[in-house]
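S.K.: One structure, pasted below without further comment.
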Amino acid sequence: KPDSPKKSTIKRSSKYRGVTKHRRSGRWEAHIWVRETGKQVYLGGYELEEHAAEAYDVAALKCKGKKVKTNFDISKYGELLQYMDTISLEELVMAVRRQSQGFARGSSKYRGVTRHPNGRWEARIGMPGSRHIYLGLYNDEADAAKSYDRALVKLRGSQAATNFALSNYTEQLREYHTEQQKEILYKSNQEVLNNDSGLKKQIPLHLSANSPSPAAIAEHATHCI
């Protein structure tokens, strides 16, 4: 049963849920309808129909939880389910697309690295909404991968999926936690300021033209002690 009437406009050409065959390329494409955004999300094109079905399953488990109907038994994804809550849907979709034959890999074995037309290695971080953070060009492929890792750790801390061991990036982890603390402190100060502003509005100071000044009131009080 389709999750939305819009899904029915796509004719299924596969025995698997969420999979269709592209007419021109002949590849098996995986899509999933995301109810929260009201949009269909493309999950990549695959040579094997089963691989497209797996791509759909992974996205469906992220969007709808373990009770969703998958193409294959959920036990197939046991290891992946342990990490499902640590990444966002956008990050998961990008990771799934990277496994597809329709994704331009740039001939690099490292995440976040592609071969530039000039022969050097380009490092960049993919962001939701088809955007990316450019990190520069490198002569060495591994150097480009390390640049990607350092930038990603600064953005996501210990949740970053790096090419090399996270223990290599303790300095970047410290920077990440420092920024997190600054953000928490800033939000806390904003709450205090907002509360103070609310109190001032609740207790206004009314002084008429003939009323004594606050300084005069204070001086009179000292003489009465």
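We label chains A, B, ... in the order they appear in the structure tokens, count residues from 1 in each chain, and number ligands from 1 in the order shown.
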Residues of range 62-102 of chain A that have any atom at most 12 Å from an atom of range 25-33 of chain A: could you tabulate them with the shortest-distance atom pair and the distance in Å to one decimal, using only C-alpha atoms, ordered by chain and increasing number, as a tab-separated table?
M.R.:
residue	atom	partner	partner_atom	distance
A:Lys62	CA	A:Ile32	CA	11.0
A:Cys63	CA	A:Ile32	CA	9.2
A:Lys64	CA	A:Trp33	CA	10.6
A:Thr70	CA	A:Ile32	CA	11.8
A:Asn71	CA	A:Ala30	CA	11.9
A:Leu89	CA	A:Ile32	CA	11.7
A:Val93	CA	A:Ile32	CA	10.2
A:Val96	CA	A:Ala30	CA	10.1
A:Arg97	CA	A:Ala30	CA	9.6
A:Gln99	CA	A:Ala30	CA	12.0
A:Ser100	CA	A:Glu29	CA	9.1
A:Gln101	CA	A:Arg27	CA	8.6
A:Gly102	CA	A:Arg27	CA	8.6
S.K.: If we count only C-alpha atoms and set the cut-off at 8 Å, which residues sit around Leu152 in chain A, ignoring sequence neighbours fewer than 3 positions away in its own chain? Please answer as a PyMOL selection string.
M.R.: chain A and resi 125+148-149+155-157+160-162
S.K.: Would you mind telling me which residue in A:Gly126, A:Gly119, A:Gly112, A:Gly44 lies nearest to Asn139 in chain A when using only C-alpha atoms?
M.R.: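 Selected residue with least distance to Asn139 in chain A: A:Gly119.
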S.K.: What residues in range 55-100 of chain A get the DSSP label alpha helix (DSSP H)? Please answer as a VMD selection string.
M.R.: chain A and resid 55 to 64 78 to 81 89 to 98
S.K.: Work out how far apart CA of Ala52 in chain A and CA of Glu79 in chain A are and give it in Å to one decimal.
M.R.: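 These two atoms are separated by 18.9 Å.
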S.K.: Any idea what's packed within 8 Å of Glu54 in chain A, counting only C-alpha atoms, ignoring anything in its chain fewer than 4 positions away? Could you give it as a ChimeraX atom specification?
M.R.: /A:50,58,71-72
S.K.: Just all heavy atoms for this one: save the residues we selected as an mmCIF file, in the first residue's frame.
M.R.:
data_model
loop_
_atom_site.group_PDB
_atom_site.id
_atom_site.type_symbol
_atom_site.label_atom_id
_atom_site.label_comp_id
_atom_site.auth_asym_id
_atom_site.auth_seq_id
_atom_site.Cartn_x
_atom_site.Cartn_y
_atom_site.Cartn_z
ATOM 1 N N GLU A 50 18.934 -6.053 -6.791
ATOM 2 C CA GLU A 50 18.977 -6.326 -5.354
ATOM 3 C C GLU A 50 19.664 -5.205 -4.585
ATOM 4 O O GLU A 50 19.289 -4.890 -3.446
ATOM 5 C CB GLU A 50 19.693 -7.649 -5.083
ATOM 6 C CG GLU A 50 18.936 -8.879 -5.559
ATOM 7 C CD GLU A 50 19.048 -9.102 -7.054
ATOM 8 O OE1 GLU A 50 19.852 -8.393 -7.711
ATOM 9 O OE2 GLU A 50 18.334 -9.982 -7.581
ATOM 10 N N VAL A 58 17.439 0.458 3.578
ATOM 11 C CA VAL A 58 18.215 1.244 4.534
ATOM 12 C C VAL A 58 17.542 2.591 4.803
ATOM 13 O O VAL A 58 17.394 3.022 5.955
ATOM 14 C CB VAL A 58 19.651 1.462 4.005
ATOM 15 C CG1 VAL A 58 20.392 2.482 4.868
ATOM 16 C CG2 VAL A 58 20.416 0.139 3.982
ATOM 17 N N ASN A 71 12.413 -5.009 1.773
ATOM 18 C CA ASN A 71 12.521 -6.021 0.718
ATOM 19 C C ASN A 71 13.170 -7.298 1.226
ATOM 20 O O ASN A 71 12.799 -8.395 0.817
ATOM 21 C CB ASN A 71 13.316 -5.461 -0.457
ATOM 22 C CG ASN A 71 12.580 -4.332 -1.162
ATOM 23 O OD1 ASN A 71 11.484 -4.524 -1.670
ATOM 24 N ND2 ASN A 71 13.179 -3.147 -1.178
ATOM 25 N N PHE A 72 14.150 -7.132 2.105
ATOM 26 C CA PHE A 72 14.854 -8.271 2.675
ATOM 27 C C PHE A 72 14.629 -8.296 4.186
ATOM 28 O O PHE A 72 14.216 -7.294 4.773
ATOM 29 C CB PHE A 72 16.349 -8.202 2.352
ATOM 30 C CG PHE A 72 16.636 -8.145 0.878
ATOM 31 C CD1 PHE A 72 17.021 -6.955 0.270
ATOM 32 C CD2 PHE A 72 16.495 -9.277 0.081
ATOM 33 C CE1 PHE A 72 17.272 -6.891 -1.092
ATOM 34 C CE2 PHE A 72 16.745 -9.225 -1.282
ATOM 35 C CZ PHE A 72 17.126 -8.027 -1.867
#
S.K.: Using DSSP secondary structure from the backbone, list all strand (DSSP E) positions within range 3-210 of chain A, as a VMD selection string.
M.R.: chain A and resid 19 to 21 28 to 34 39 to 46 113 to 115 121 to 127 131 to 138
S.K.: Output the selection as a short mmCIF file (atom, residue, chain, number, x, y, z; two decimals), in the first residue's frame - C-alpha atoms for each residue.
M.R.:
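Produced file part-v9.cif, reproduced below:
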data_model
loop_
_atom_site.label_atom_id
_atom_site.label_comp_id
_atom_site.auth_asym_id
_atom_site.auth_seq_id
_atom_site.Cartn_x
_atom_site.Cartn_y
_atom_site.Cartn_z
CA VAL A 19 12.81 0.19 -7.08
CA THR A 20 12.25 1.09 -10.75
CA LYS A 21 14.25 0.48 -13.93
CA TRP A 28 17.83 -0.01 -11.24
CA GLU A 29 16.97 3.16 -9.36
CA ALA A 30 15.88 3.39 -5.74
CA HIS A 31 13.55 6.08 -4.40
CA ILE A 32 11.69 6.66 -1.16
CA TRP A 33 8.83 8.94 -0.25
CA VAL A 34 9.60 11.04 2.85
CA LYS A 39 9.09 14.80 -1.32
CA GLN A 40 10.46 11.75 -3.06
CA VAL A 41 14.17 11.20 -2.45
CA TYR A 42 16.49 9.64 -5.02
CA LEU A 43 18.78 6.96 -3.56
CA GLY A 44 20.97 6.17 -6.58
CA GLY A 45 21.18 3.98 -9.67
CA TYR A 46 22.49 0.39 -9.45
CA VAL A 113 38.02 13.04 -2.15
CA THR A 114 37.75 13.24 -5.96
CA ARG A 115 40.24 13.45 -8.80
CA TRP A 121 43.05 15.52 -5.50
CA GLU A 122 40.16 17.69 -4.40
CA ALA A 123 38.74 17.49 -0.87
CA ARG A 124 35.25 18.66 -0.04
CA ILE A 125 32.39 17.94 2.35
CA GLY A 126 28.95 17.27 0.89
CA MET A 127 26.13 19.11 2.63
CA ARG A 131 25.80 22.04 -1.43
CA HIS A 132 29.40 21.37 -0.44
CA ILE A 133 32.31 22.87 1.50
CA TYR A 134 35.41 23.13 -0.70
CA LEU A 135 38.63 22.25 1.15
CA GLY A 136 41.27 22.66 -1.54
CA LEU A 137 43.47 20.69 -3.97
CA TYR A 138 46.28 18.34 -2.91
#
S.K.: Hey, can you check how far CA of Thr86 in chain A sits from CA of Ser158 in chain A?
M.R.: 10.2 Å
S.K.: Out of A:Leu61, A:Ala165, A:Leu92, A:Leu48, which residue has the shortest atom-to-atom distance to Tyr77 in chain A when counting only C-alpha atoms?
M.R.: A:Leu61
